[in-house]
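Notes follow the structure.
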Amino acid sequence: MAERFRNKTIIVTGGASGIGEATVKEFAKEGANVVISDMSDKGESLSDQLNQDGYDTTFIKADVTKEDEVKSLVESTVDKYGSLDVLFANAGIGGMTLVHETDFTEWKKIIDVNLHGVFLCNKYAIAQMLKQENGGAIVNNDSIHGVVGKMSVGAYSAAKGGVKLLTQTETAEYAAKGIRINNVNPGYTDTPLLSDLPEEAKQELINLHPIGRLGKPEEVAKAVLFLASDDASFITGASLLVDGGYTAV
Ligand SMILES: NC(=O)c1ccc[n+]([C@@H]2O[C@H](COP(=O)([O-])OP(=O)(O)OC[C@H]3O[C@@H](n4cnc5c(N)ncnc54)[C@H](O)[C@@H]3O)[C@@H](O)[C@H]2O)c1
């Protein structure tokens, strides 16, 4: 197994479940010190289990919408491991309503987690990476709906489209300072985020992917590791679609 992240310190937000959890495991397997951050305490048991298996992980509870908690997440990570080499800004929530039926409180919640949360994590990670000789890499978990719309994803798409352009703006600001920032844009992926969907609705989603199935969290995780690694040393400001062909047709 290649160990592209030996002695590197990684923060994964929303690391307790789904795509975040799969990415935590891939980074750990490649030798990283992984900070599993989540607002759910499930991150604690995941960390305990991985440490028992011989990996080096730490759980830090943080809500990405709270600036003081994000600031302290980055500070505690650097206190413990000495640097922050990679941020995977992944924490996010779903939401499916037509625009004219969307409750404004629900709209604000989706924008708060999926856009403001990514901004706050990027802000404090970048501030730390600017102090480091080797800079760093950030991957933001965007979505196919940061690139194309669909019925009932108004707030979600607005947030994810914002993430896409935030990443591009940050590229202009920080590429020359040794910080690469990219998006991963998954198609529908089989995680707890989709667990409430009735089977019929799931099948309708499957039909939208030419590959004929949903994505697996590990498939997104592998793309994240590529973007975060030196294998992607000339890639910044990009949006990597991991979508089984969803946006191609
Ligand atoms: N599953 C999909 O089909 C899909 C497709 C494209 C993009 N995404 C994106 O992938 C990311 C992860 O989604 P997932 O499918 O793994 O979902 P998930 O529900 O399995 O995991 C999301 C994690 O984020 C955490 N979280 C939610 N709000 C938070 C907050 N305010 N602060 C800290 N942690 C918080 C949750 O506790 C959970 O552990 C999201 O950004 C989502 O938009 C998912």
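Just so we're on the same page: first chain in the structure tokens is A, next is B, and so on; residues restart at 1 for each chain, and ligands are numbered from 1 in the order they show up.
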_Protein and nucleic acid residues within 7 Å of ligand 1 (only C-alpha atoms and all ligand atoms) as number ranges by chain_ = A: 13-20, 37-40, 62-65, 90-94, 113-114, 117, 141-144, 185-194
_Among segment 71-232 of chain A, which ones does DSSP assign to strand (DSSP E) (computed from the backbone)? Answer as a PyMOL selection string._
chain A and resi 86-89+136-141+179-186
*Between A:Ile235, A:Ala228, A:Ala2, A:Ala201, which one has atoms that come closest to Ala137 of chain A, using only C-alpha atoms?*
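Answer, going by the shortest atom-to-atom distance: A:Ala228.
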*Which of these residues is nearest to Tyr156 of chain A, using only C-alpha atoms: A:Leu87, A:Val99, A:Val220, A:Ala22?*
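Result for the nearest residue to Tyr156 of chain A: A:Val99.
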